[in-house]
Amino acid sequence: MNFNHVNVPELKLEKVTLDNGKRYYVTPEGKKYPSITTMLSHFSKQSIIEWRNRIGHEEANKISRQASTRGTRLHSIVEKYIANEDMNIENPQQLEMFKSILPYLNNIDNVYLQEKYLYSNHLRLAGTVDCIAEYKGRLNVIDFKTSSKPKREDWIEGYFVQAAAYAIMFEERYKIPVPRITILIAVENDYPQIFQKKRDEFVPRLLEMRDEYERSTKD
């Protein structure tokens with residue numbers, strides 16, 4: 001498979017990570033916007049605290065490290081594959097997870113952005129998008145996730161909100177509408193999951209969360 005890449009100008013943003021793990025981006029105009037992932041983590045903070053207390057901090061740290069490593073490794077593999085670069089997959093589990101999503105990856109073409117910065121003055125948010133490309137001929141924000149077990153759709157509202165934000169950012173910056181979002185999840189020792197939605201289904205929730213986040217973090 002050889003993916004076609006569409007030549008679009010790269011945005012020049014500065015990415016800053018604070019000591020508390022929160023990220024923000026500085027736009028070419030000097031505006032500072034929080035990352036969409038930082039905003040979303042604000043709303044999951046309480047449930048994460050409850051989960052850590054329930055299973056114990058040592059076990060929670062172990063699970064979090066495993067999830068982070070798994071996600072980072074597979075992201076790197078997928079990024080190289082779509083960039084038409086050579087891959088060297090030594091970990092058998094990572095190889096199996098990659099092979100499980102390969103038929104879905106091969107539905108992608110005409111890649112506009114891959115692991116690139118985006119921002120929106122309208123949303124007052126920024127972030128790094130996994131991929132904006134055509135999926136079966138229709139332009140999508142495509143987000144790649146990993147999981148130790150299958151996800152229920154009502155568990156992953158944040159994934160859809162995040163992708164909708166990227167779609168708005170891309171349209172604002174490049175004047176090209178992205179009406180659809182695709183979430184592709186590689187699941188350990190199980191079949192992959194794919195969720196496809198219309199961007200506009202999640203814009204009201206995105207704006208609601210953005211407003212609440214700004215109110216709660218106002219100086």
# chains A, B, ... in the order shown; residues from 1 in each chain; ligands from 1
$ residues_around --residues "Ala126 (chain A)" --least-positions-apart "6" --cutoff "7 Å" --atoms "only C-alpha atoms" --output "list in words"
Tyr25, Tyr33, Pro34, Ser35, Ile36, Leu118, Tyr119 and Ser120 of chain A
$ residues_around --residues "Leu11 (chain A)" --least-positions-apart "3" --cutoff "9 Å" --atoms "only C-alpha atoms" --output "list in words"
Thr27, Pro28, Lys116, Tyr117, Leu118, Tyr119 and Arg173 of chain A
$ write_last_selection --atoms "N, CA and C atoms" --output "mmCIF file, in the first residue's frame"
data_model
loop_
_atom_site.group_PDB
_atom_site.id
_atom_site.type_symbol
_atom_site.label_atom_id
_atom_site.label_comp_id
_atom_site.auth_asym_id
_atom_site.auth_seq_id
_atom_site.Cartn_x
_atom_site.Cartn_y
_atom_site.Cartn_z
ATOM 1 N N THR A 27 -0.079 30.279 19.312
ATOM 2 C CA THR A 27 -0.339 30.438 17.880
ATOM 3 C C THR A 27 0.635 31.443 17.272
ATOM 4 N N PRO A 28 0.705 31.503 15.942
ATOM 5 C CA PRO A 28 1.572 32.499 15.301
ATOM 6 C C PRO A 28 1.224 33.931 15.690
ATOM 7 N N LYS A 116 -0.017 16.453 13.126
ATOM 8 C CA LYS A 116 0.302 17.868 12.943
ATOM 9 C C LYS A 116 -0.513 18.728 13.904
ATOM 10 N N TYR A 117 0.036 19.907 14.207
ATOM 11 C CA TYR A 117 -0.634 20.853 15.096
ATOM 12 C C TYR A 117 -1.789 21.543 14.376
ATOM 13 N N LEU A 118 -2.838 21.814 15.140
ATOM 14 C CA LEU A 118 -3.994 22.568 14.658
ATOM 15 C C LEU A 118 -4.466 23.491 15.776
ATOM 16 N N TYR A 119 -5.176 24.539 15.403
ATOM 17 C CA TYR A 119 -5.798 25.393 16.422
ATOM 18 C C TYR A 119 -7.002 26.101 15.825
ATOM 19 N N ARG A 173 -8.685 26.672 9.550
ATOM 20 C CA ARG A 173 -7.339 27.014 9.069
ATOM 21 C C ARG A 173 -7.191 26.832 7.553
#
$ residues_around --residues "Ile101 (chain A)" --least-positions-apart "5" --cutoff "12 Å" --atoms "only C-alpha atoms" --output "list of chain:residue names"
A:Leu74, A:His75, A:Ile77, A:Val78, A:Tyr81, A:Gln94, A:Leu95, A:Glu96, A:Asn106, A:Asn107, A:Ile108, A:Phe144, A:Lys145, A:Thr146, A:Ile183, A:Leu184, A:Ile185, A:Ala186, A:Val187, A:Glu188, A:Asp190, A:Tyr191, A:Pro192, A:Gln193, A:Ile194
$ write_last_selection --atoms "C-alpha atoms" --output "compact mmCIF listing (two decimals), in the first residue's frame"
# COMPACT_ATOMS: atom_id res chain seq x y z
CA LEU A 74 1.12 1.47 17.95
CA HIS A 75 0.78 5.16 17.07
CA ILE A 77 3.81 2.05 13.76
CA VAL A 78 0.64 3.44 12.19
CA TYR A 81 2.87 2.98 7.70
CA GLN A 94 2.15 -4.89 18.70
CA LEU A 95 2.44 -6.79 15.42
CA GLU A 96 -0.84 -8.59 16.04
CA ASN A 106 -5.92 0.38 3.81
CA ASN A 107 -9.22 2.24 3.35
CA ILE A 108 -7.32 5.50 3.93
CA PHE A 144 -6.20 5.85 16.36
CA LYS A 145 -6.68 4.38 19.82
CA THR A 146 -5.68 1.22 21.67
CA ILE A 183 -12.32 6.35 15.60
CA LEU A 184 -10.30 3.17 15.05
CA ILE A 185 -9.46 1.16 18.18
CA ALA A 186 -6.96 -1.70 18.20
CA VAL A 187 -7.98 -4.06 21.03
CA GLU A 188 -5.58 -6.46 22.72
CA ASP A 190 -9.70 -9.13 20.29
CA TYR A 191 -11.23 -7.73 17.14
CA PRO A 192 -10.67 -4.04 16.41
CA GLN A 193 -13.49 -1.53 16.71
CA ILE A 194 -14.43 1.25 14.34
$ closest_residue --among "A:Gly137, A:Asp109, A:Lys22, A:Glu90" --to "Asn2 (chain A)" --atoms "only C-alpha atoms"
A:Asp109
$ residues_around --residues "region 4-9 of chain A" --least-positions-apart "4" --cutoff "8 Å" --atoms "only C-alpha atoms" --output "PyMOL selection string"
chain A and resi 109-113
$ closest_residue --among "A:Asp154, A:Arg23, A:Lys32, A:Met1" --to "Leu102 (chain A)" --atoms "only C-alpha atoms"
A:Met1
$ closest_residue --among "A:Asn121, A:Ser76, A:Lys175, A:Glu85" --to "Glu29 (chain A)" --atoms "only C-alpha atoms"
A:Asn121
$ select_by_dssp --residues "region 24-185 of chain A" --states "helix (DSSP H, G or I)" --output "VMD selection string"
chain A and resid 36 to 55 57 to 82 92 to 105 153 to 155 157 to 174
$ closest_residue --among "A:Pro204, A:Pro150, A:Pro179, A:Gly127" --to "Tyr166 (chain A)" --atoms "only C-alpha atoms"
A:Gly127
$ closest_residue --among "A:Phe3, A:Met39, A:Thr17, A:Ala164" --to "Leu105 (chain A)" --atoms "only C-alpha atoms"
A:Phe3
$ closest_residue --among "A:Asn91, A:Asn84, A:Ser100, A:Gln162" --to "Leu206 (chain A)" --atoms "only C-alpha atoms"
A:Gln162
$ select_by_dssp --residues "chain A" --states "strand (DSSP E or B)" --output "count of residues only"
61
